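Source file: input.cif. Holds: mmCIF, C-alpha atoms and all ligand atoms.
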```
data_run
loop_
_atom_site.label_atom_id
_atom_site.label_comp_id
_atom_site.auth_asym_id
_atom_site.auth_seq_id
_atom_site.Cartn_x
_atom_site.Cartn_y
_atom_site.Cartn_z
CA MET A 4 -0.02 39.87 -53.08
CA ALA A 5 0.42 37.11 -50.54
CA ARG A 6 3.40 35.49 -48.90
CA ILE A 7 4.12 32.71 -46.44
CA ILE A 8 6.45 32.54 -43.47
CA ILE A 9 7.92 29.14 -42.62
CA ASP A 10 9.37 28.69 -39.14
CA PRO A 11 12.55 26.73 -39.94
CA GLU A 12 12.93 25.42 -36.39
CA VAL A 13 9.40 23.97 -36.40
CA CYS A 14 9.54 22.47 -39.91
CA LYS A 15 10.34 18.75 -40.11
CA GLY A 16 10.94 18.74 -43.86
CA CYS A 17 8.09 16.32 -44.53
CA GLY A 18 7.42 17.73 -48.00
CA ILE A 19 3.62 17.83 -47.70
CA CYS A 20 3.47 21.60 -48.30
CA VAL A 21 5.63 21.17 -51.41
CA SER A 22 3.23 18.56 -52.82
CA VAL A 23 0.03 20.58 -52.27
CA CYS A 24 1.12 24.06 -53.45
CA PRO A 25 -0.84 24.65 -56.68
CA ILE A 26 1.77 27.16 -57.94
CA LYS A 27 4.69 24.83 -57.14
CA ILE A 28 6.80 27.50 -55.46
CA LEU A 29 7.97 25.44 -52.48
CA LYS A 30 10.82 22.99 -52.16
CA ILE A 31 12.75 21.15 -49.48
CA SER A 32 16.20 22.66 -49.19
CA ASN A 33 19.12 20.39 -49.91
CA ILE A 34 21.45 22.76 -48.05
CA VAL A 35 19.66 24.26 -45.03
CA THR A 36 18.95 22.15 -41.97
CA ASN A 37 17.48 23.24 -38.65
CA LYS A 38 18.74 22.42 -35.15
CA ALA A 39 16.92 19.09 -35.20
CA GLY A 40 18.74 18.19 -38.42
CA TYR A 41 15.78 18.34 -40.80
CA PHE A 42 16.19 19.81 -44.28
CA VAL A 43 13.54 22.53 -44.21
CA ALA A 44 10.92 23.79 -46.66
CA GLU A 45 11.61 27.06 -48.47
CA VAL A 46 9.94 29.38 -50.95
CA VAL A 47 11.70 29.50 -54.32
CA GLU A 48 9.53 32.00 -56.22
CA ASP A 49 7.61 35.08 -55.11
CA LYS A 50 4.30 34.02 -56.68
CA CYS A 51 2.18 32.97 -53.70
CA ILE A 52 -1.59 33.35 -54.23
CA GLY A 53 -2.45 32.97 -50.54
CA CYS A 54 -4.55 29.81 -51.01
CA CYS A 55 -3.32 28.49 -47.60
CA SER A 56 -3.15 24.88 -48.85
CA CYS A 57 0.41 24.50 -47.58
CA ALA A 58 -0.49 25.99 -44.20
CA ILE A 59 -3.60 23.91 -43.53
CA MET A 60 -1.73 20.72 -44.49
CA CYS A 61 1.42 21.37 -42.44
CA PRO A 62 1.14 18.90 -39.54
CA ASP A 63 3.47 21.01 -37.41
CA SER A 64 1.82 24.39 -38.01
CA ALA A 65 5.14 25.79 -39.26
CA ILE A 66 3.52 27.99 -41.92
CA SER A 67 1.74 31.35 -41.59
CA VAL A 68 0.13 33.03 -44.60
CA LEU A 69 -0.05 36.82 -45.00
CA LYS A 70 -1.84 39.06 -47.49
CA GLN A 71 -0.09 42.35 -48.25
CA MET B 13 -1.31 43.31 -43.71
CA GLU B 14 -3.96 40.64 -43.23
CA ILE B 15 -3.22 37.25 -41.68
CA LEU B 16 -4.79 34.53 -43.81
CA TYR B 17 -3.53 31.62 -41.71
CA LYS B 18 -1.68 31.23 -38.44
CA LYS B 19 -1.27 28.57 -35.78
CA SER B 20 -4.26 28.25 -33.45
CA ARG B 21 -4.07 29.70 -29.93
CA MET B 22 -5.51 26.41 -28.70
CA LEU B 23 -2.16 24.72 -29.46
CA THR B 24 0.82 25.19 -27.15
CA ASP B 25 4.36 26.04 -28.31
CA THR B 26 5.58 22.54 -27.39
CA PRO B 27 7.00 20.87 -30.53
CA LEU B 28 4.82 17.91 -31.57
CA SER B 29 6.41 14.54 -30.81
CA TYR B 30 5.05 13.06 -34.06
CA CYS B 31 7.22 11.85 -36.93
CA PRO B 32 7.66 14.18 -39.95
CA GLY B 33 4.46 14.29 -41.99
CA CYS B 34 2.35 12.33 -39.49
CA THR B 35 -1.24 13.52 -39.84
CA HIS B 36 -1.91 13.32 -36.10
CA GLY B 37 -0.59 16.91 -36.34
CA ILE B 38 -3.22 17.94 -38.91
CA VAL B 39 -6.01 16.51 -36.76
CA HIS B 40 -4.65 18.38 -33.71
CA LYS B 41 -4.80 21.60 -35.72
CA LEU B 42 -8.40 21.00 -36.82
CA LEU B 43 -9.49 20.31 -33.27
CA ALA B 44 -7.68 23.38 -31.94
CA GLU B 45 -9.02 25.68 -34.66
CA THR B 46 -12.57 24.39 -34.19
CA LEU B 47 -12.47 24.86 -30.42
CA GLU B 48 -11.16 28.39 -30.94
CA GLU B 49 -13.84 29.19 -33.53
CA ILE B 50 -16.74 27.99 -31.39
CA GLY B 51 -15.45 30.14 -28.51
CA ALA B 52 -14.69 27.19 -26.26
CA GLU B 53 -11.32 28.48 -25.00
CA GLY B 54 -11.08 28.03 -21.23
CA ASN B 55 -14.08 25.69 -21.22
CA VAL B 56 -12.68 22.46 -22.67
CA ILE B 57 -11.45 19.20 -21.15
CA GLY B 58 -9.70 16.78 -23.52
CA ILE B 59 -8.79 13.14 -22.99
CA ALA B 60 -5.43 11.90 -24.29
CA PRO B 61 -5.21 8.16 -25.05
CA VAL B 62 -2.40 5.63 -25.12
CA GLY B 63 -0.68 5.54 -28.49
CA CYS B 64 1.48 8.06 -30.33
CA SER B 65 -0.94 10.78 -29.15
CA VAL B 66 -0.32 9.92 -25.49
CA PHE B 67 1.39 13.33 -25.12
CA ALA B 68 -1.59 15.23 -26.58
CA TYR B 69 -1.97 16.83 -23.14
CA LYS B 70 1.20 18.80 -23.83
CA PHE B 71 -0.02 20.06 -27.20
CA PHE B 72 -3.53 21.40 -26.52
CA ASN B 73 -3.99 24.65 -24.68
CA CYS B 74 -6.79 23.32 -22.48
CA ASP B 75 -7.30 21.03 -19.51
CA MET B 76 -6.36 17.47 -20.45
CA GLN B 77 -6.48 14.09 -18.74
CA GLN B 78 -4.32 11.22 -20.00
CA VAL B 79 -6.04 7.88 -19.43
CA ALA B 80 -5.40 4.12 -19.60
CA HIS B 81 -5.43 2.41 -22.99
CA GLY B 82 -8.91 2.38 -24.52
CA ARG B 83 -10.66 3.95 -21.54
CA ALA B 84 -11.11 7.46 -22.96
CA PRO B 85 -14.89 7.22 -23.55
CA ALA B 86 -15.43 5.93 -19.99
CA CYS B 87 -13.31 8.72 -18.48
CA ALA B 88 -14.94 11.28 -20.77
CA THR B 89 -18.32 10.06 -19.51
CA GLY B 90 -17.35 10.68 -15.90
CA ILE B 91 -15.75 14.04 -16.62
CA LYS B 92 -18.74 15.25 -18.68
CA ARG B 93 -21.32 14.09 -16.14
CA CYS B 94 -19.47 15.92 -13.35
CA ASN B 95 -18.87 18.99 -15.53
CA PRO B 96 -21.90 19.19 -17.83
CA ASP B 97 -21.06 22.76 -18.85
CA LYS B 98 -17.57 21.85 -20.09
CA ILE B 99 -16.92 20.70 -23.62
CA VAL B 100 -15.35 17.24 -23.39
CA PHE B 101 -13.54 15.41 -26.16
CA ALA B 102 -11.76 12.07 -26.37
CA TYR B 103 -8.90 11.59 -28.86
CA GLN B 104 -8.22 7.94 -29.71
CA GLY B 105 -6.20 5.82 -32.15
CA ASP B 106 -7.50 2.69 -33.87
CA GLY B 107 -5.74 0.30 -31.51
CA ASP B 108 -7.04 2.31 -28.57
CA ILE B 109 -10.66 2.59 -29.71
CA ALA B 110 -11.20 -0.55 -31.79
CA SER B 111 -9.26 -3.25 -29.93
CA ILE B 112 -8.52 -2.73 -26.25
CA GLY B 113 -11.22 -0.06 -25.88
CA ILE B 114 -13.94 -1.51 -28.11
CA ALA B 115 -16.26 -2.10 -25.14
CA GLU B 116 -15.93 1.45 -23.81
CA ILE B 117 -16.70 3.12 -27.11
CA ILE B 118 -19.70 0.92 -27.89
CA HIS B 119 -21.27 1.48 -24.48
CA ALA B 120 -20.58 5.23 -24.43
CA ALA B 121 -22.22 5.44 -27.86
CA ALA B 122 -25.14 3.24 -26.82
CA ARG B 123 -25.73 5.43 -23.76
CA GLY B 124 -25.67 8.47 -26.00
CA GLU B 125 -23.16 10.23 -23.74
CA ASN B 126 -22.97 13.92 -24.57
CA ILE B 127 -19.30 13.80 -25.64
CA THR B 128 -17.31 14.21 -28.87
CA VAL B 129 -14.92 11.41 -29.84
CA ILE B 130 -12.19 11.91 -32.44
CA PHE B 131 -10.92 8.59 -33.79
CA ILE B 132 -7.59 8.65 -35.64
CA ASN B 133 -7.56 5.63 -37.93
CA ASN B 134 -4.05 5.04 -39.29
CA ALA B 135 -4.63 1.28 -39.76
CA ILE B 136 -1.74 0.34 -37.46
CA TYR B 137 -0.38 0.40 -33.91
CA GLY B 138 1.93 3.34 -34.45
CA MET B 139 3.50 3.82 -31.04
CA THR B 140 4.55 0.23 -30.42
CA GLY B 141 6.28 -0.18 -33.76
CA GLY B 142 3.72 -1.01 -36.40
CA GLN B 143 1.75 -4.11 -35.37
CA MET B 144 -1.55 -5.04 -37.03
CA ALA B 145 -4.57 -3.10 -35.82
CA PRO B 146 -8.26 -4.03 -36.13
CA THR B 147 -8.38 -1.53 -39.00
CA THR B 148 -5.32 -2.85 -40.89
CA LEU B 149 -6.30 -3.37 -44.53
CA VAL B 150 -6.42 -6.88 -46.02
CA GLY B 151 -3.02 -7.43 -47.61
CA GLN B 152 -1.36 -4.63 -45.62
CA LYS B 153 2.08 -5.51 -44.28
CA THR B 154 2.75 -4.88 -40.61
CA THR B 155 5.32 -6.33 -38.20
CA THR B 156 2.75 -8.96 -37.11
CA THR B 157 1.47 -9.59 -40.66
CA PRO B 158 4.82 -9.55 -42.48
CA TYR B 159 3.30 -11.12 -45.61
CA GLY B 160 0.22 -8.91 -45.49
CA ARG B 161 -3.04 -9.28 -43.53
CA VAL B 162 -4.74 -12.57 -44.47
CA VAL B 163 -8.48 -12.86 -43.75
CA GLY B 164 -8.36 -16.57 -42.88
CA ILE B 165 -5.65 -15.98 -40.27
CA ASN B 166 -6.02 -12.35 -39.15
CA GLY B 167 -9.70 -11.64 -39.75
CA ASN B 168 -11.30 -8.68 -41.49
CA PRO B 169 -10.90 -4.96 -40.79
CA ILE B 170 -13.48 -3.42 -38.44
CA ARG B 171 -15.57 -0.53 -39.75
CA LEU B 172 -16.26 1.20 -36.46
CA CYS B 173 -18.45 4.03 -37.79
CA GLU B 174 -20.80 1.63 -39.56
CA MET B 175 -21.08 -0.50 -36.39
CA ILE B 176 -21.68 2.46 -34.06
CA ALA B 177 -24.26 3.91 -36.46
CA THR B 178 -26.51 0.87 -35.90
CA LEU B 179 -27.00 1.94 -32.26
CA ASP B 180 -29.87 4.17 -31.15
CA GLY B 181 -27.65 6.24 -28.82
CA PRO B 182 -25.34 8.24 -31.10
CA CYS B 183 -26.33 11.54 -32.69
CA PHE B 184 -23.61 11.99 -35.30
CA VAL B 185 -21.26 9.44 -36.86
CA SER B 186 -19.01 10.44 -39.73
CA ARG B 187 -15.80 9.34 -41.44
CA VAL B 188 -13.52 11.97 -42.95
CA SER B 189 -9.95 12.11 -44.27
CA VAL B 190 -7.06 14.56 -44.14
CA SER B 191 -5.41 13.43 -47.37
CA ASP B 192 -5.63 16.82 -49.14
CA PRO B 193 -6.72 20.43 -48.49
CA VAL B 194 -10.33 19.84 -49.68
CA ASN B 195 -10.78 16.86 -47.36
CA VAL B 196 -9.10 18.70 -44.49
CA ARG B 197 -11.73 21.46 -44.79
CA LYS B 198 -14.52 18.84 -44.83
CA ALA B 199 -12.98 17.11 -41.81
CA LYS B 200 -13.01 20.38 -39.91
CA LYS B 201 -16.73 20.85 -40.65
CA ALA B 202 -17.47 17.37 -39.29
CA ILE B 203 -15.46 18.04 -36.12
CA LYS B 204 -17.29 21.33 -35.68
CA LYS B 205 -20.62 19.55 -36.00
CA GLY B 206 -19.51 17.08 -33.34
CA PHE B 207 -18.86 19.94 -30.90
CA GLU B 208 -22.04 21.83 -31.81
CA ASN B 209 -24.06 18.68 -31.07
CA GLN B 210 -22.44 18.53 -27.66
CA ILE B 211 -23.16 22.20 -26.94
CA ASN B 212 -26.78 21.67 -28.01
CA LYS B 213 -26.97 18.58 -25.76
CA LYS B 214 -27.78 16.31 -28.70
CA GLY B 215 -25.52 13.55 -27.39
CA PHE B 216 -22.76 11.37 -28.72
CA SER B 217 -20.69 12.24 -31.81
CA LEU B 218 -17.96 10.09 -33.38
CA ILE B 219 -15.71 11.51 -36.08
CA GLU B 220 -13.31 8.98 -37.61
CA VAL B 221 -10.37 10.57 -39.41
CA LEU B 222 -8.43 8.49 -41.95
CA SER B 223 -4.85 9.32 -41.05
CA THR B 224 -1.29 8.31 -41.94
CA CYS B 225 1.64 6.60 -40.25
CA PRO B 226 4.49 7.18 -42.72
CA THR B 227 7.05 5.62 -40.36
CA ASN B 228 5.37 2.25 -39.92
CA TRP B 229 3.84 2.17 -43.39
CA HIS B 230 7.39 2.57 -44.74
CA MET B 231 6.28 5.31 -47.12
CA ASN B 232 7.17 8.96 -47.33
CA PRO B 233 4.56 11.44 -46.03
CA VAL B 234 3.25 12.34 -49.51
CA GLN B 235 2.96 8.67 -50.61
CA SER B 236 1.12 8.04 -47.34
CA LEU B 237 -1.50 10.69 -48.18
CA ASP B 238 -1.98 8.98 -51.56
CA TYR B 239 -2.38 5.62 -49.80
CA VAL B 240 -5.19 7.09 -47.69
CA LYS B 241 -6.89 8.50 -50.78
CA ASN B 242 -6.41 5.48 -53.06
CA GLU B 243 -6.47 2.46 -50.72
CA MET B 244 -7.92 3.25 -47.30
CA THR B 245 -11.06 4.94 -48.62
CA LYS B 246 -11.92 1.76 -50.57
CA ILE B 247 -12.27 -0.16 -47.32
CA PHE B 248 -13.33 2.79 -45.17
CA PRO B 249 -15.67 4.92 -47.31
CA LEU B 250 -16.00 8.56 -46.33
CA GLY B 251 -19.40 9.88 -45.38
CA VAL B 252 -22.02 10.47 -42.72
CA PHE B 253 -23.42 7.25 -41.26
CA LYS B 254 -25.83 8.81 -38.79
CA ASP B 255 -27.06 12.35 -38.23
CA CYS B 256 -29.85 13.04 -35.77
CA GLN B 257 -30.21 16.59 -37.13
CA GLU B 258 -30.84 15.42 -40.68
CA GLY B 259 -34.11 16.65 -42.08
CA ASN B 260 -34.58 19.12 -39.19
C1 LIG A 301 -3.04 -1.92 -21.19
C2 LIG A 301 -2.01 -1.70 -22.26
N1 LIG A 301 -1.85 -2.63 -23.21
C3 LIG A 301 -0.95 -2.45 -24.20
C4 LIG A 301 -0.20 -1.31 -24.25
C5 LIG A 301 0.83 -1.14 -25.36
N2 LIG A 301 0.41 -0.16 -26.36
C6 LIG A 301 0.82 1.12 -26.31
S1 LIG A 301 0.29 2.02 -27.61
C7 LIG A 301 -0.50 0.68 -28.28
C8 LIG A 301 -1.22 0.75 -29.59
C9 LIG A 301 -1.55 2.12 -30.04
O1 LIG A 301 -2.11 2.11 -31.30
P1 LIG A 301 -3.19 3.16 -31.73
O2 LIG A 301 -4.25 3.28 -30.70
O3 LIG A 301 -3.66 2.80 -33.10
O4 LIG A 301 -2.43 4.56 -31.73
P2 LIG A 301 -1.31 5.13 -32.74
O5 LIG A 301 -0.02 5.00 -32.01
O6 LIG A 301 -1.37 4.34 -33.99
O7 LIG A 301 -1.72 6.55 -32.95
C10 LIG A 301 -0.33 -0.45 -27.48
C11 LIG A 301 -0.89 -1.78 -27.81
C12 LIG A 301 -0.39 -0.35 -23.21
N3 LIG A 301 0.30 0.78 -23.20
N4 LIG A 301 -1.32 -0.57 -22.24
S1 LIG A 302 -0.37 29.74 -49.76
FE1 LIG A 302 -0.88 28.50 -51.58
S2 LIG A 302 0.29 29.45 -53.24
FE2 LIG A 302 1.17 30.24 -51.33
S3 LIG A 302 2.87 28.86 -50.91
FE3 LIG A 302 1.10 28.06 -49.81
S4 LIG A 302 0.18 26.57 -51.17
FE4 LIG A 302 1.58 27.81 -52.42
S1 LIG A 303 4.46 20.75 -44.34
FE1 LIG A 303 5.33 21.87 -42.60
S2 LIG A 303 6.77 20.47 -41.64
FE2 LIG A 303 6.30 19.64 -43.67
S3 LIG A 303 7.93 20.47 -44.98
FE3 LIG A 303 6.22 21.89 -45.12
S4 LIG A 303 6.60 23.44 -43.54
FE4 LIG A 303 7.94 21.71 -43.10
S1 LIG A 304 4.79 6.20 -35.48
FE1 LIG A 304 3.25 6.64 -37.04
S2 LIG A 304 1.44 7.43 -35.92
FE2 LIG A 304 3.22 7.50 -34.54
S3 LIG A 304 4.02 9.59 -34.74
FE3 LIG A 304 5.18 8.28 -36.14
S4 LIG A 304 4.09 8.44 -38.09
FE4 LIG A 304 2.71 9.19 -36.50
MG MG A 305 -3.12 3.59 -34.90
#
```
Show the structure stored in the file as structure tokens.
Ligand SMILES: Cc1ncc(C[n+]2csc(CCOP(=O)(O)OP(=O)(O)O)c2C)c(N)n1
Ligand code: SF4
Ligand code: SF4
Ligand code: SF4
Ligand SMILES: [Mg+2]
Amino acid sequence: MARIIIDPEVCKGCGICVSVCPIKILKISNIVTNKAGYFVAEVVEDKCIGCCSCAIMCPDSAISVLKQ
Amino acid sequence: MEILYKKSRMLTDTPLSYCPGCTHGIVHKLLAETLEEIGAEGNVIGIAPVGCSVFAYKFFNCDMQQVAHGRAPACATGIKRCNPDKIVFAYQGDGDIASIGIAEIIHAAARGENITVIFINNAIYGMTGGQMAPTTLVGQKTTTTPYGRVVGINGNPIRLCEMIATLDGPCFVSRVSVSDPVNVRKAKKAIKKGFENQINKKGFSLIEVLSTCPTNWHMNPVQSLDYVKNEMTKIFPLGVFKDCQEGN
């Protein structure tokens, strides 16, 4: 079982993580913005396989990946 | 609980000044992770250029020197010669390395200086608002080529790796991309090789990274990654153009 943690204050809502997740469990929120005003990335389903694709592609290093 | 991925210690907590989705950030991560993995913490001096990465000195957790436009390889030469035991890298954009600084990079390469140069090719002058760069693709629209780059007027794109690889001085010359996770992993290997060459005193390494500028390309970050994969690599093929270790 794996899961990711996205730091909402670091995320710039670029959408790159969303596009590279092979399981398609990420999306850019259309409700939640951070202090900078960006709509942030969020996890929509608890199915992460811990591939780290989202994390290695995030330009702002907003994502950590954990294995439980 | 095992940590599969976390931000490198070689990056500071300062938020990156780059636009959303700009791959300067990915290249920063690869550099930081590589330096951490080769155990270089506390023993690195980086050179920040002029361009969007002018503030790179705030983002890397190591000694940094910001230098005049295009002069990074010359400054890196001086710093490395005075501190031969330090690992020295120069970080340069395409405008920085291939127009105003074309002389510095060619001569540093020809001398075989024992430094590692990371060249971020985003085919545009990002910082100043999207003017044509030496690496702008034929047909690519920029503020100074509003109808697209025309060979008869604006000349042809410069393939820096191929040019540098003709010199006897360099040890390792490679072009990589950060358009997807597979290529990001390959890019990291090339950067690592560039630093290992320096540690083993093999001399000059140049790693060109095909990168994006979503803001000035007027594309979203994901479309920009596709543009790198589908258009940039046609003009700038990925690969190793010189490797002094090959066959050893
Ligand atoms: C001597 C000098 N000439 C011109 C400039 C203006 N200038 C600042 S950044 C830049 C181009 C940067 O483009 P590039 O190296 O490709 O970096 P990017 O911003 O795309 O990462 C120019 C021409 C300057 N700062 N100094
Ligand atoms: S680690 Fe892999 S599966 Fe999990 S969210 Fe990121 S890209 Fe998707
Ligand atoms: S890649 Fe990073 S900055 Fe971009 S949306 Fe995902 S978490 Fe946010
Ligand atoms: S202008 Fe272009 S290169 Fe500069 S930070 Fe923005 S996206 Fe990146
Ligand atoms: Mg540029």
| request: Could the residues that lie within 8 Å of ligand LIG 304 (chain A), counting only C-alpha atoms and all ligand atoms, be listed as a list in words? | output: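 So, counting only C-alpha atoms and all ligand atoms, the residues near ligand LIG 304 (chain A) are Ser29, Tyr30, Cys31, Pro32, Gly33, Cys34, Thr35, His36, Gly63, Cys64, Ser65, Asn134, Ile136, Tyr137, Gly138, Met139, Thr140, Gly141, Gly142, Thr224, Cys225, Pro226, Thr227, Asn228 and Trp229 of chain B.
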Please, which residues of chain A lie no more than 9 Å from chain B when the count uses only C-alpha atoms, and can they be set out as an mmCIF file with C-alpha atoms, in the coordinates of the input?
```cif
data_model
loop_
_atom_site.group_PDB
_atom_site.id
_atom_site.type_symbol
_atom_site.label_atom_id
_atom_site.label_comp_id
_atom_site.auth_asym_id
_atom_site.auth_seq_id
_atom_site.Cartn_x
_atom_site.Cartn_y
_atom_site.Cartn_z
ATOM 1 C CA ALA A 5 0.420 37.110 -50.540
ATOM 2 C CA VAL A 13 9.400 23.970 -36.400
ATOM 3 C CA CYS A 14 9.540 22.470 -39.910
ATOM 4 C CA LYS A 15 10.340 18.750 -40.110
ATOM 5 C CA GLY A 16 10.940 18.740 -43.860
ATOM 6 C CA CYS A 17 8.090 16.320 -44.530
ATOM 7 C CA GLY A 18 7.420 17.730 -48.000
ATOM 8 C CA ILE A 19 3.620 17.830 -47.700
ATOM 9 C CA SER A 22 3.230 18.560 -52.820
ATOM 10 C CA VAL A 23 0.030 20.580 -52.270
ATOM 11 C CA GLY A 53 -2.450 32.970 -50.540
ATOM 12 C CA CYS A 54 -4.550 29.810 -51.010
ATOM 13 C CA CYS A 55 -3.320 28.490 -47.600
ATOM 14 C CA SER A 56 -3.150 24.880 -48.850
ATOM 15 C CA CYS A 57 0.410 24.500 -47.580
ATOM 16 C CA ALA A 58 -0.490 25.990 -44.200
ATOM 17 C CA ILE A 59 -3.600 23.910 -43.530
ATOM 18 C CA MET A 60 -1.730 20.720 -44.490
ATOM 19 C CA CYS A 61 1.420 21.370 -42.440
ATOM 20 C CA PRO A 62 1.140 18.900 -39.540
ATOM 21 C CA ASP A 63 3.470 21.010 -37.410
ATOM 22 C CA SER A 64 1.820 24.390 -38.010
ATOM 23 C CA ALA A 65 5.140 25.790 -39.260
ATOM 24 C CA ILE A 66 3.520 27.990 -41.920
ATOM 25 C CA SER A 67 1.740 31.350 -41.590
ATOM 26 C CA VAL A 68 0.130 33.030 -44.600
ATOM 27 C CA LEU A 69 -0.050 36.820 -45.000
ATOM 28 C CA LYS A 70 -1.840 39.060 -47.490
ATOM 29 C CA GLN A 71 -0.090 42.350 -48.250
#
```
Could you give me the centre and size, in Å to one decimal, of an axis-aligned box around all listed atoms of region 27-46 of chain A with 5 Å added on every side, as AutoDock Vina command-line options?
```
--center_x 13.1 --center_y 23.8 --center_z -46.1 --size_x 26.8 --size_y 21.2 --size_z 32.0
```
| Which residue, B:Ile91, B:Ile57, B:Ala177, B:Ile112, has the smallest gap to ligand MG 305 (chain A) when you use only C-alpha atoms and all ligand atoms? | B:Ile112
| Interatomic distance, atom P1 of ligand LIG 301 (chain A) to CA of Arg123 (chain B) (Å, one decimal) | 24.0 Å
| request: Have a look at CA of Ile132 (chain B) and CA of Leu218 (chain B) and let me know their distance in Å, one decimal. | output: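 Distance reported for this atom pair: 10.7 Å.
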| request: May I have the protein, DNA and RNA residues with an atom at most 7 Å from (-20.0, 10.4, -44.9), counting all atoms listed in the file in the file's coordinates, returned as a list in words? | output: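 Nearby residues: Ser186, Arg187, Val188, Leu250, Gly251, Val252 and Phe253 of chain B.
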| request: Skip Glu116 (chain B) itself and residues of its chain fewer than 6 positions away, then list as a ChimeraX atom specification all residues within 7 Å of it, counting all atoms listed in the file. | output: /B:83,85-86
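Straight-line separation from CA of Ala135 (chain B) to CA of Thr148 (chain B): 4.3 Å.
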| field | Neighbour list for Ala121 (chain B) as a ChimeraX atom specification, cut-off 9 Å, only C-alpha atoms, skip fewer than 6 positions in-chain | value | /B:85,176-177,179-183,215-218
| Near Ile26 (chain A), counting all atoms listed in the file, which residues have an atom at most 10 Å away, once you skip same-chain residues fewer than 3 positions from it, shown as a list in words? | Val21, Val23, Leu29, Glu48, Lys50, Cys51, Ile52 and Cys54 of chain A
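Using only C-alpha atoms, the residues found no farther than 9 Å from Val47 (chain A), other than those of its own chain fewer than 6 positions away, are Lys27, Ile28, Leu29 and Lys30 of chain A.
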Find the spatial neighbours of Ala110 (chain B), counting only C-alpha atoms, within a cut-off of 8 Å - ignore same-chain residues fewer than 5 positions away - and output them as a compact mmCIF listing (two decimals) with C-alpha atoms, keeping the file's coordinate frame.
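Below is the file selection_35.txt, written as the result:
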```txt
# COMPACT_ATOMS: atom_id res chain seq x y z
CA PRO B 146 -8.26 -4.03 -36.13
CA THR B 147 -8.38 -1.53 -39.00
CA ILE B 170 -13.48 -3.42 -38.44
CA LEU B 172 -16.26 1.20 -36.46
```
| query | Of the candidates A:Cys24, A:Ala39, A:Ser32, A:Val46, which one gets nearest to Ile7 (chain A) if we count only C-alpha atoms? | reply | A:Val46
| query | Between B:Thr46, B:Gln257, B:Asn195, B:Asn133, which one has atoms that come closest to ligand LIG 301 (chain A), using only C-alpha atoms and all ligand atoms? | reply | B:Asn133
| request: Select, from A:Glu12, A:Asp49, A:Gly40, A:Asn33, the residue with the minimum atom-to-atom distance to ligand LIG 302 (chain A), counting all atoms listed in the file. | output: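 Ranking A:Glu12, A:Asp49, A:Gly40, A:Asn33 by distance to ligand LIG 302 (chain A), first place goes to A:Asp49.
Using only C-alpha atoms, the nearest neighbour of Glu45 (chain B) within the list B:Cys173, B:Ala199, B:Ala102, B:Met76 is B:Ala199.
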| Smallest atom-to-atom distance to ligand MG 305 (chain A): which of B:Ile247, B:Met144, B:Val56, B:Ile165, using all atoms listed in the file? |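 Answer, going by the shortest atom-to-atom distance: B:Met144.
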